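Enquirer: File follows, upload.txt with compact mmCIF, C-alpha atoms and all ligand atoms:
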```txt
# COMPACT_ATOMS: atom_id res chain seq x y z
CA MET A 11 1.85 -9.66 -21.78
CA LEU A 12 1.70 -6.47 -23.73
CA ILE A 13 0.43 -4.68 -20.71
CA LYS A 14 3.12 -6.13 -18.55
CA LYS A 15 5.81 -5.01 -20.99
CA SER A 16 4.48 -1.51 -21.23
CA ALA A 17 4.23 -1.41 -17.47
CA PHE A 18 7.88 -2.24 -17.34
CA PHE A 19 8.81 0.62 -19.60
CA LEU A 20 6.45 2.99 -17.93
CA ILE A 21 8.10 2.64 -14.63
CA MET A 22 10.70 5.31 -14.73
CA VAL A 23 13.14 3.13 -13.01
CA VAL A 24 15.45 5.02 -10.86
CA LYS A 25 18.76 3.44 -10.50
CA LYS A 26 20.94 3.89 -7.53
CA ASP A 27 22.43 7.24 -6.71
CA VAL A 28 19.83 8.24 -4.22
CA VAL A 29 19.97 11.70 -2.84
CA GLU A 30 23.33 12.51 -1.45
CA GLY A 31 22.47 15.96 -0.23
CA GLU A 32 22.78 16.73 3.43
CA GLU A 33 19.11 16.34 4.20
CA ILE A 34 18.24 13.36 2.14
CA VAL A 35 19.95 10.13 2.41
CA ASP A 36 22.09 7.80 0.51
CA ASP A 37 20.74 4.65 -0.96
CA ALA A 38 20.23 1.82 1.45
CA PRO A 39 22.54 -1.01 0.40
CA LYS A 40 20.96 -3.12 -2.30
CA LYS A 41 20.19 -6.51 -1.02
CA LYS A 42 20.21 -9.20 -3.64
CA VAL A 43 17.72 -11.79 -2.60
CA SER A 44 19.19 -15.01 -3.84
CA LYS A 45 17.11 -17.18 -6.13
CA LYS A 46 17.87 -20.03 -3.77
CA LYS A 47 16.09 -18.39 -0.87
CA GLU A 48 13.06 -17.80 -3.02
CA GLU A 49 12.99 -21.44 -3.95
CA GLU A 50 13.20 -22.48 -0.33
CA ALA A 51 9.66 -21.34 0.41
CA PRO A 52 7.67 -24.57 0.50
CA LYS A 53 5.10 -25.14 -2.23
CA LEU A 54 2.04 -27.38 -2.44
CA ILE A 55 4.03 -30.06 -4.25
CA ASP A 56 6.43 -30.30 -1.27
CA ILE A 57 3.68 -31.55 1.02
CA PRO A 58 3.85 -35.32 1.54
CA GLY A 59 0.89 -37.02 -0.13
CA VAL A 60 0.26 -34.13 -2.53
CA GLY A 61 1.27 -35.11 -6.06
CA PRO A 62 1.13 -33.14 -9.32
CA GLY A 63 -2.44 -34.34 -9.98
CA ALA A 64 -3.61 -33.09 -6.60
CA VAL A 65 -1.77 -29.79 -7.11
CA ALA A 66 -3.54 -29.27 -10.44
CA LYS A 67 -6.93 -29.93 -8.81
CA LEU A 68 -6.13 -27.60 -5.91
CA GLU A 69 -5.01 -24.87 -8.26
CA ALA A 70 -8.17 -25.29 -10.29
CA ALA A 71 -10.05 -24.67 -7.06
CA GLY A 72 -8.06 -21.48 -6.45
CA ILE A 73 -5.65 -22.88 -3.85
CA TYR A 74 -2.09 -21.99 -4.75
CA GLU A 75 -0.34 -21.68 -1.42
CA LEU A 76 0.25 -23.70 1.71
CA MET A 77 -2.02 -21.43 3.69
CA GLY A 78 -4.95 -22.27 1.41
CA LEU A 79 -4.48 -25.96 2.08
CA ALA A 80 -3.65 -25.64 5.76
CA VAL A 81 -7.00 -24.08 6.59
CA LEU A 82 -9.09 -26.80 4.91
CA THR A 83 -10.73 -29.68 6.75
CA ALA A 84 -9.66 -33.21 5.84
CA ALA A 85 -13.04 -33.79 4.15
CA GLN A 86 -12.74 -30.60 2.06
CA LEU A 87 -9.22 -31.45 0.96
CA SER A 88 -10.17 -35.02 0.17
CA ASP A 89 -13.05 -33.76 -2.01
CA THR A 90 -11.04 -31.07 -3.72
CA ALA A 91 -7.86 -32.98 -4.42
CA GLY A 92 -9.31 -36.47 -4.82
CA MET A 93 -7.32 -38.16 -2.05
CA SER A 94 -8.38 -40.29 0.86
CA GLU A 95 -9.33 -38.52 4.09
CA SER A 96 -6.44 -40.05 6.01
CA VAL A 97 -3.90 -38.82 3.41
CA ALA A 98 -5.65 -35.44 3.47
CA ARG A 99 -5.40 -35.23 7.26
CA LYS A 100 -1.68 -35.96 7.15
CA ALA A 101 -1.15 -33.45 4.33
CA ILE A 102 -2.90 -30.72 6.34
CA GLN A 103 -0.82 -31.47 9.42
CA ALA A 104 2.36 -31.40 7.34
CA ALA A 105 1.40 -28.10 5.69
CA ARG A 106 0.70 -26.53 9.08
CA LYS A 107 4.08 -27.65 10.37
CA MET A 108 5.89 -26.42 7.27
CA MET A 109 4.28 -23.01 7.58
CA ASP A 110 5.20 -22.53 11.18
CA MET A 111 1.62 -21.48 11.73
CA GLY A 112 0.49 -20.49 15.14
CA PHE A 113 1.29 -18.15 17.95
CA VAL A 114 4.17 -15.94 18.90
CA ASP A 115 4.28 -14.53 22.39
CA GLY A 116 3.53 -10.87 22.94
CA LEU A 117 7.17 -10.06 23.59
CA ALA A 118 8.30 -11.59 20.30
CA HIS A 119 5.48 -9.74 18.57
CA GLU A 120 6.63 -6.48 20.15
CA GLU A 121 10.16 -7.22 19.02
CA LYS A 122 8.95 -7.71 15.45
CA ARG A 123 7.08 -4.43 15.54
CA LYS A 124 10.35 -2.66 16.29
CA GLU A 125 11.35 -3.30 12.68
CA LEU A 126 8.62 -0.93 11.55
CA PHE A 127 9.48 2.41 9.97
CA ASN A 128 7.48 5.59 10.13
CA ILE A 129 7.26 8.19 7.40
CA THR A 130 6.62 11.83 8.14
CA THR A 131 3.81 13.59 6.33
CA GLY A 132 5.69 16.88 6.54
CA SER A 133 3.16 18.30 9.00
CA LYS A 134 3.70 17.83 12.73
CA ASN A 135 -0.05 18.05 13.34
CA LEU A 136 -0.71 15.23 10.90
CA ASP A 137 2.19 13.17 12.22
CA ASN A 138 0.81 13.54 15.73
CA LEU A 139 -2.64 12.49 14.62
CA LEU A 140 -1.00 9.30 13.34
CA GLY A 141 0.71 8.59 16.65
CA GLY A 142 3.62 11.03 16.44
CA LYS A 143 5.69 9.91 13.49
CA GLY A 144 3.45 9.80 10.44
CA ILE A 145 2.36 6.72 8.54
CA GLN A 146 3.70 3.26 9.27
CA THR A 147 5.19 0.38 7.33
CA LYS A 148 3.37 -2.97 7.21
CA ALA A 149 0.12 -1.04 7.16
CA ILE A 150 -2.24 0.48 4.63
CA THR A 151 -3.16 4.10 5.24
CA GLU A 152 -6.14 5.35 3.27
CA ALA A 153 -7.00 9.00 2.70
CA PHE A 154 -10.49 9.66 1.41
CA GLY A 155 -12.15 12.96 0.68
CA ALA A 156 -13.67 15.15 -1.99
CA PHE A 157 -11.67 16.48 -4.94
CA GLY A 158 -9.18 19.11 -3.89
CA SER A 159 -9.18 17.93 -0.28
CA GLY A 160 -5.44 17.20 -0.33
CA LYS A 161 -5.12 13.45 -0.92
CA THR A 162 -2.61 13.79 -3.75
CA GLN A 163 -0.66 16.57 -2.02
CA LEU A 164 -0.26 14.31 1.02
CA ALA A 165 0.90 11.50 -1.28
CA LEU A 166 3.57 13.72 -2.81
CA SER A 167 4.73 14.92 0.59
CA LEU A 168 5.09 11.31 1.79
CA ALA A 169 7.03 10.41 -1.37
CA VAL A 170 9.57 13.04 -0.36
CA GLY A 171 9.44 12.24 3.38
CA VAL A 172 10.22 8.54 2.90
CA GLN A 173 13.64 9.47 1.52
CA LEU A 174 14.75 11.21 4.69
CA PRO A 175 17.00 9.40 7.14
CA VAL A 176 15.21 7.66 9.99
CA GLU A 177 16.39 10.33 12.50
CA GLN A 178 14.65 12.95 10.41
CA GLY A 179 11.35 11.12 10.16
CA GLY A 180 11.92 9.13 6.98
CA ALA A 181 12.64 5.51 6.19
CA ASN A 182 15.78 6.01 4.13
CA GLY A 183 14.03 4.55 1.12
CA LYS A 184 12.38 5.10 -2.21
CA ALA A 185 8.75 5.49 -3.17
CA VAL A 186 6.66 3.85 -5.85
CA TYR A 187 3.82 5.96 -7.18
CA ILE A 188 1.03 4.18 -9.03
CA ASP A 189 -0.85 6.94 -10.74
CA THR A 190 -4.28 6.01 -12.04
CA GLU A 191 -5.45 9.50 -12.86
CA GLY A 192 -2.41 11.18 -14.34
CA THR A 193 -2.11 13.59 -11.44
CA PHE A 194 1.49 12.95 -10.43
CA ARG A 195 3.22 16.33 -10.70
CA PRO A 196 7.03 16.34 -10.71
CA GLU A 197 7.01 20.12 -10.31
CA ARG A 198 5.17 19.75 -6.99
CA VAL A 199 7.75 17.19 -5.85
CA ARG A 200 10.46 19.72 -6.71
CA GLN A 201 8.75 22.36 -4.62
CA PHE A 202 8.32 19.97 -1.68
CA ALA A 203 11.98 18.93 -1.94
CA GLU A 204 13.14 22.54 -2.02
CA GLY A 205 10.92 23.16 1.00
CA ILE A 206 13.09 20.85 3.09
CA GLY A 207 16.35 21.90 1.46
CA ALA A 208 16.89 18.71 -0.53
CA ASN A 209 18.12 18.31 -4.07
CA PRO A 210 14.96 18.11 -6.24
CA ASP A 211 16.56 16.03 -9.01
CA LYS A 212 17.71 13.42 -6.55
CA VAL A 213 14.39 13.36 -4.77
CA LEU A 214 12.58 12.86 -8.07
CA LYS A 215 14.93 10.07 -9.04
CA ASN A 216 13.88 8.15 -5.96
CA ILE A 217 10.24 8.13 -6.91
CA LEU A 218 9.33 5.38 -9.35
CA VAL A 219 6.22 6.41 -11.20
CA ALA A 220 3.92 4.19 -13.24
CA ARG A 221 0.66 5.13 -14.86
CA ALA A 222 -2.01 2.44 -14.48
CA PHE A 223 -4.42 2.52 -17.40
CA ASN A 224 -7.10 0.22 -16.03
CA SER A 225 -7.75 -1.95 -13.01
CA ASP A 226 -6.05 -5.01 -14.53
CA HIS A 227 -2.98 -2.94 -15.24
CA GLN A 228 -3.12 -1.54 -11.71
CA MET A 229 -3.13 -5.08 -10.33
CA LEU A 230 -0.29 -6.18 -12.62
CA LEU A 231 1.86 -3.28 -11.50
CA LEU A 232 1.84 -4.72 -8.00
CA ASP A 233 3.77 -7.73 -9.29
CA ARG A 234 6.28 -5.34 -10.84
CA VAL A 235 6.75 -3.62 -7.51
CA ALA A 236 7.39 -6.97 -5.84
CA ASP A 237 9.98 -7.68 -8.59
CA LEU A 238 11.70 -4.33 -8.04
CA ILE A 239 11.98 -5.07 -4.33
CA LYS A 240 13.39 -8.51 -5.06
CA ASP A 241 15.93 -6.84 -7.33
CA GLY A 242 17.07 -4.83 -4.33
CA GLU A 243 15.34 -1.47 -4.79
CA PRO A 244 15.00 -0.04 -1.25
CA ILE A 245 11.30 0.73 -1.58
CA ARG A 246 9.62 1.72 1.67
CA LEU A 247 6.50 3.41 0.39
CA MET A 248 3.93 2.48 -2.21
CA ILE A 249 1.32 5.03 -3.20
CA ILE A 250 -1.84 4.15 -5.14
CA ASP A 251 -3.51 7.35 -6.28
CA SER A 252 -6.36 6.48 -6.64
CA LEU A 253 -7.14 3.05 -5.27
CA THR A 254 -10.73 2.93 -6.45
CA ALA A 255 -11.16 5.15 -9.55
CA HIS A 256 -10.60 2.43 -12.17
CA PHE A 257 -12.64 -0.17 -10.31
CA ARG A 258 -15.44 2.31 -9.92
CA ALA A 259 -15.44 3.31 -13.59
CA GLU A 260 -15.17 -0.22 -14.95
CA PHE A 261 -17.73 -1.87 -12.72
CA SER A 262 -20.37 0.80 -12.63
CA GLY A 263 -23.47 -1.26 -13.36
CA ARG A 264 -25.69 -2.43 -10.54
CA GLY A 265 -25.09 -6.07 -11.31
CA GLN A 266 -21.33 -5.56 -11.23
CA LEU A 267 -21.01 -4.41 -7.66
CA ALA A 268 -20.25 -7.82 -6.19
CA ASP A 269 -17.63 -8.43 -8.87
CA ARG A 270 -16.02 -5.05 -8.22
CA GLN A 271 -15.91 -5.62 -4.48
CA GLN A 272 -14.38 -9.05 -4.93
CA ARG A 273 -11.63 -7.69 -7.16
CA LEU A 274 -10.98 -4.77 -4.85
CA ASN A 275 -10.79 -7.16 -1.93
CA ARG A 276 -8.24 -9.32 -3.71
CA TYR A 277 -6.18 -6.30 -4.66
CA LEU A 278 -6.18 -4.95 -1.09
CA HIS A 279 -5.25 -8.36 0.22
CA ASN A 280 -2.28 -8.45 -2.17
CA LEU A 281 -1.28 -4.92 -1.21
CA MET A 282 -1.21 -5.89 2.45
CA LYS A 283 0.83 -8.97 1.65
CA VAL A 284 3.46 -6.91 -0.20
CA ALA A 285 3.48 -4.39 2.66
CA GLU A 286 3.98 -7.03 5.33
CA GLN A 287 6.51 -9.13 3.48
CA ASN A 288 8.68 -6.16 2.56
CA ASN A 289 8.15 -3.87 5.53
CA LEU A 290 6.82 -1.03 3.44
CA ALA A 291 4.07 1.51 3.92
CA VAL A 292 1.10 1.64 1.58
CA TYR A 293 -0.76 4.91 1.12
CA VAL A 294 -3.94 4.84 -0.96
CA THR A 295 -6.34 7.58 -1.90
CA ASN A 296 -10.04 7.09 -2.28
CA GLN A 297 -12.92 9.13 -3.62
CA VAL A 298 -16.13 9.81 -1.81
CA MET A 299 -19.75 9.79 -2.79
CA SER A 300 -22.82 11.25 -1.25
CA ASP A 301 -24.86 8.88 0.89
CA PRO A 302 -28.53 9.75 0.44
CA ALA A 303 -29.46 7.62 3.45
CA GLN A 304 -27.58 10.00 5.73
CA MET A 305 -30.17 12.51 6.93
CA PHE A 306 -28.02 14.45 9.37
CA GLY A 307 -24.36 15.35 9.54
CA ASP A 308 -21.84 14.81 6.78
CA PRO A 309 -23.34 12.73 3.95
CA THR A 310 -19.92 11.92 2.53
CA LYS A 311 -19.04 8.26 2.28
CA ALA A 312 -15.87 6.57 1.03
CA ILE A 313 -16.07 4.40 -2.07
CA GLY A 314 -15.57 0.70 -1.63
CA GLY A 315 -17.65 0.29 1.52
CA ASN A 316 -16.63 -2.15 4.21
CA ILE A 317 -14.19 -3.99 2.00
CA VAL A 318 -11.90 -0.97 1.81
CA GLY A 319 -12.74 0.14 5.34
CA HIS A 320 -11.69 -3.14 6.88
CA ALA A 321 -8.64 -3.71 4.72
CA CYS A 322 -7.06 -0.34 5.53
CA THR A 323 -5.24 -0.12 8.84
CA TYR A 324 -5.56 3.64 9.21
CA ARG A 325 -8.28 5.73 7.56
CA LEU A 326 -8.00 9.47 7.15
CA TYR A 327 -10.89 11.64 6.12
CA LEU A 328 -9.75 14.90 4.51
CA ARG A 329 -11.89 17.94 3.89
CA ARG A 330 -11.49 21.66 3.34
CA GLY A 331 -11.65 23.73 6.51
CA LYS A 332 -11.74 27.41 7.33
CA LYS A 333 -9.44 29.85 5.52
CA ASP A 334 -8.21 27.31 3.00
CA SER A 335 -7.00 24.93 5.68
CA ARG A 336 -7.51 21.16 5.50
CA VAL A 337 -9.11 19.16 8.27
CA CYS A 338 -7.96 15.59 8.70
CA LYS A 339 -9.86 13.11 10.80
CA LEU A 340 -8.46 9.74 11.86
CA ILE A 341 -11.09 7.02 11.82
CA ASP A 342 -10.94 3.42 13.01
CA SER A 343 -7.32 3.07 14.00
CA PRO A 344 -6.23 -0.16 15.73
CA ASP A 345 -4.11 1.69 18.28
CA LEU A 346 -4.97 5.39 18.25
CA PRO A 347 -7.99 7.41 19.35
CA ASP A 348 -10.29 8.88 16.72
CA ASN A 349 -9.23 12.48 16.49
CA GLU A 350 -8.80 15.33 14.06
CA THR A 351 -6.32 18.03 13.18
CA VAL A 352 -5.77 20.90 10.78
CA PHE A 353 -2.98 21.69 8.32
CA MET A 354 -2.32 23.88 5.30
CA ILE A 355 -1.23 22.98 1.79
CA GLU A 356 1.41 25.44 0.75
CA THR A 357 3.65 25.75 -2.24
CA ASP A 358 6.66 24.32 -0.44
CA GLY A 359 4.89 21.62 1.50
CA LEU A 360 2.30 20.74 4.10
CA LYS A 361 2.41 23.22 6.96
CA ASP A 362 0.99 23.37 10.45
CA ILE A 363 -1.36 25.93 11.82
CA GLU A 364 -2.24 26.54 15.43
CA ILE A 365 -5.05 24.37 16.68
P1 LIG B 1 -8.82 14.66 -6.39
O1 LIG B 1 -7.65 13.90 -6.85
O2 LIG B 1 -9.36 15.57 -7.43
O3 LIG B 1 -9.89 13.80 -5.81
O4 LIG B 1 -8.36 15.65 -5.23
P2 LIG B 1 -7.15 15.57 -4.17
O5 LIG B 1 -7.73 15.35 -2.83
O6 LIG B 1 -6.11 14.62 -4.62
O7 LIG B 1 -6.61 17.04 -4.24
P3 LIG B 1 -5.10 17.53 -4.22
O8 LIG B 1 -4.35 16.81 -3.17
O9 LIG B 1 -4.55 17.52 -5.59
O10 LIG B 1 -5.28 19.02 -3.74
C1 LIG B 1 -5.44 20.06 -4.63
C2 LIG B 1 -5.42 21.31 -3.82
O11 LIG B 1 -4.13 21.49 -3.26
C3 LIG B 1 -5.65 22.54 -4.66
O12 LIG B 1 -7.02 22.83 -4.73
C4 LIG B 1 -4.91 23.60 -3.85
O13 LIG B 1 -5.75 24.09 -2.83
C5 LIG B 1 -3.79 22.84 -3.22
N1 LIG B 1 -2.54 23.04 -3.96
C6 LIG B 1 -2.08 22.33 -4.99
N2 LIG B 1 -0.92 22.82 -5.43
C7 LIG B 1 -0.65 23.89 -4.68
C8 LIG B 1 0.42 24.83 -4.65
O14 LIG B 1 1.35 24.79 -5.45
N3 LIG B 1 0.37 25.81 -3.71
C9 LIG B 1 -0.65 25.86 -2.81
N4 LIG B 1 -0.64 26.83 -1.90
N5 LIG B 1 -1.67 24.99 -2.82
C10 LIG B 1 -1.68 24.03 -3.73
MG MG B 2 -5.79 13.57 -6.38
```
Starting from the file, give its structure as structure tokens.
Expert:
Amino acid sequence: MLIKKSAFFLIMVVKKDVVEGEEIVDDAPKKKVSKKKEEEAPKLIDIPGVGPGAVAKLEAAGIYELMGLAVLTAAQLSDTAGMSESVARKAIQAARKMMDMGFVDGLAHEEKRKELFNITTGSKNLDNLLGGKGIQTKAITEAFGAFGSGKTQLALSLAVGVQLPVEQGGANGKAVYIDTEGTFRPERVRQFAEGIGANPDKVLKNILVARAFNSDHQMLLLDRVADLIKDGEPIRLMIIDSLTAHFRAEFSGRGQLADRQQRLNRYLHNLMKVAEQNNLAVYVTNQVMSDPAQMFGDPTKAIGGNIVGHACTYRLYLRRGKKDSRVCKLIDSPDLPDNETVFMIETDGLKDIEI
């Protein structure tokens, strides 16, 4: 509770007046999501045959939502909730119906994807690597690399880019910055804003910063972000810098690895849920470690293993290149070829160099 309260105060909540300068946009209209609509989402108790006793048993078994029940077999549900198999079968069918689970045709899916926004990184080369327009909403983009490779600089550039109007490569929205390492630098944001001719004060006001002091706090802050969105904040980008540092520090013993991975997995799952439900982009940074098993080539490996690798939609590997440039490699994208590009970190932003 204490943590939650301090989290609330830590978030430097930025009220309306988004940037009104020529380059950066006005606030998207605040949408009040009515309480009623929230209540309309069906809950376990709304399923015929599932009473308060069954709900308590299901919750004790870690099933809180319709989806959790809908994917059970009748025998599993009957065991877990203490109901007969025939009631369980009917409850599962009802839950599946209520959830509108199933298929949409490709055309409808394509239509839904048109709602997506893209956010420019500030560098054309990087944007092109990501398919032409930068990072995407309803997706998690991970940047991993050694210290000084540019992960935080890219985060700051995106936090400025998201505020641009759609025609200029932004998403006309605000950014949330969850800072686990105390490396958020307002002065760098100012420089980036000046670099594109925007008003630095207004740009800074549209970035909601919270310091996460440990992994529990980091997870709690996600709820706060969901609350802010419900309250109508036009958030289109959530940055977690760094995704893994707290988890890595807190679960460092050998015996704790499984626990750490499980918690990371849950966190990533929740991140994706917030991204999909609210059409926002998630950008996370990740450290690397040396992989002694790698005899040849680059021994650098991202923290978090397959759990992070699979949960992130786009993975970027950043490293220092020649003449102070940065090399960025796209790995494992669902729709783009693996490729790499080069850019520079300069005082007023990320810049392209000839490739
Ligand atoms: P860790 O968080 O330590 O893992 O590293 P990171 O990948 O987040 O590094 P970050 O993005 O902070 O990059 C730091 C690097 O950016 C510095 O080493 C500089 O090369 C460059 N940089 C930072 N600020 C400036 C600046 O004002 N001007 C220029 N030209 N370069 C800068
Ligand atoms: Mg950093």
Enquirer: Set the distance at 12 Å and use only C-alpha atoms: which residues neighbour Met299 in chain A once local chain neighbours fewer than 3 positions away are removed? I'd like the list as a short mmCIF file (atom, residue, chain, number, x, y, z; two decimals) with C-alpha atoms, in the coordinates of the input.
Expert:
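The file below, selection-v2.cif, is the result:
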```cif
data_model
loop_
_atom_site.label_atom_id
_atom_site.label_comp_id
_atom_site.auth_asym_id
_atom_site.auth_seq_id
_atom_site.Cartn_x
_atom_site.Cartn_y
_atom_site.Cartn_z
CA PHE A 154 -10.49 9.66 1.41
CA GLY A 155 -12.15 12.96 0.68
CA ALA A 156 -13.67 15.15 -1.99
CA PHE A 157 -11.67 16.48 -4.94
CA THR A 254 -10.73 2.93 -6.45
CA ALA A 255 -11.16 5.15 -9.55
CA ARG A 258 -15.44 2.31 -9.92
CA ASN A 296 -10.04 7.09 -2.28
CA PRO A 302 -28.53 9.75 0.44
CA ALA A 303 -29.46 7.62 3.45
CA GLN A 304 -27.58 10.00 5.73
CA ASP A 308 -21.84 14.81 6.78
CA PRO A 309 -23.34 12.73 3.95
CA THR A 310 -19.92 11.92 2.53
CA LYS A 311 -19.04 8.26 2.28
CA ALA A 312 -15.87 6.57 1.03
CA ILE A 313 -16.07 4.40 -2.07
CA GLY A 314 -15.57 0.70 -1.63
CA GLY A 315 -17.65 0.29 1.52
#
```
Enquirer: List the neighbours of Val186 in chain A out to 9 Å using all atoms listed in the file; skip same-chain residues closer than 2 positions along the sequence, and give me the result as a list of chain:residue names.
Expert: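 So, after excluding close chain neighbours, the residues are A:Ile21, A:Ala169, A:Lys184, A:Ile188, A:Asn216, A:Ile217, A:Leu218, A:Val219, A:Ala220, A:Val235, A:Ile245, A:Arg246, A:Leu247, A:Met248, A:Ile249, A:Ile250.
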Enquirer: Once 5 Å is added on each side, what are the centre and the three edge lengths, in Å to one decimal, of the axis-aligned box enclosing the listed atoms of ligand LIG 1 (chain B)? Present them as JSON.
Expert:
```
{"center_x": -4.3, "center_y": 20.3, "center_z": -4.7, "size_x": 21.2, "size_y": 23.0, "size_z": 15.5}
```
Enquirer: Please produce, as CSV, a per-residue contact table for range 252-326 of chain A versus range 115-139 of chain A (criterion: any atom at most 10 Å away, all atoms listed in the file considered), showing the nearest atom pair and its distance in Å to one decimal, sorted by chain then residue number.
Expert:
```
residue,atom,partner,partner_atom,distance
A:Glu286,CA,A:Leu126,CA,9.9
A:Asn289,CA,A:Leu126,CA,6.7
A:Leu290,CA,A:Phe127,CA,7.8
A:Ala291,CA,A:Phe127,CA,8.2
A:Leu326,CA,A:Leu139,CA,9.7
```
Enquirer: Against ligand MG 2 (chain B), which residues of chain A fall within 12 Å? For each one I want the closest pair of atoms and the distance in Å (one decimal), counting all atoms listed in the file, rows by chain and increasing residue number, as a Markdown table.
Expert:
```
| residue | atom | partner | partner_atom | distance |
| --- | --- | --- | --- | --- |
| A:Ala153 | CA | B:MG2 | MG | 10.2 |
| A:Phe154 | CA | B:MG2 | MG | 9.9 |
| A:Gly155 | CA | B:MG2 | MG | 9.5 |
| A:Ala156 | CA | B:MG2 | MG | 9.2 |
| A:Phe157 | CA | B:MG2 | MG | 6.7 |
| A:Gly158 | CA | B:MG2 | MG | 7.0 |
| A:Ser159 | CA | B:MG2 | MG | 8.2 |
| A:Gly160 | CA | B:MG2 | MG | 7.1 |
| A:Lys161 | CA | B:MG2 | MG | 5.5 |
| A:Thr162 | CA | B:MG2 | MG | 4.1 |
| A:Gln163 | CA | B:MG2 | MG | 7.4 |
| A:Leu164 | CA | B:MG2 | MG | 9.3 |
| A:Ala165 | CA | B:MG2 | MG | 8.7 |
| A:Leu166 | CA | B:MG2 | MG | 10.0 |
| A:Ile188 | CA | B:MG2 | MG | 11.9 |
| A:Asp189 | CA | B:MG2 | MG | 9.3 |
| A:Thr190 | CA | B:MG2 | MG | 9.6 |
| A:Glu191 | CA | B:MG2 | MG | 7.7 |
| A:Gly192 | CA | B:MG2 | MG | 9.0 |
| A:Thr193 | CA | B:MG2 | MG | 6.3 |
| A:Phe194 | CA | B:MG2 | MG | 8.4 |
| A:Arg195 | CA | B:MG2 | MG | 10.4 |
| A:Ile249 | CA | B:MG2 | MG | 11.6 |
| A:Ile250 | CA | B:MG2 | MG | 10.3 |
| A:Asp251 | CA | B:MG2 | MG | 6.6 |
| A:Ser252 | CA | B:MG2 | MG | 7.1 |
| A:Leu253 | CA | B:MG2 | MG | 10.7 |
| A:Thr254 | CA | B:MG2 | MG | 11.7 |
| A:Ala255 | CA | B:MG2 | MG | 10.5 |
| A:Val294 | CA | B:MG2 | MG | 10.4 |
| A:Thr295 | CA | B:MG2 | MG | 7.5 |
| A:Asn296 | CA | B:MG2 | MG | 8.8 |
| A:Gln297 | CA | B:MG2 | MG | 8.8 |
| A:Val298 | CA | B:MG2 | MG | 11.9 |
| A:Leu328 | CA | B:MG2 | MG | 11.7 |
```
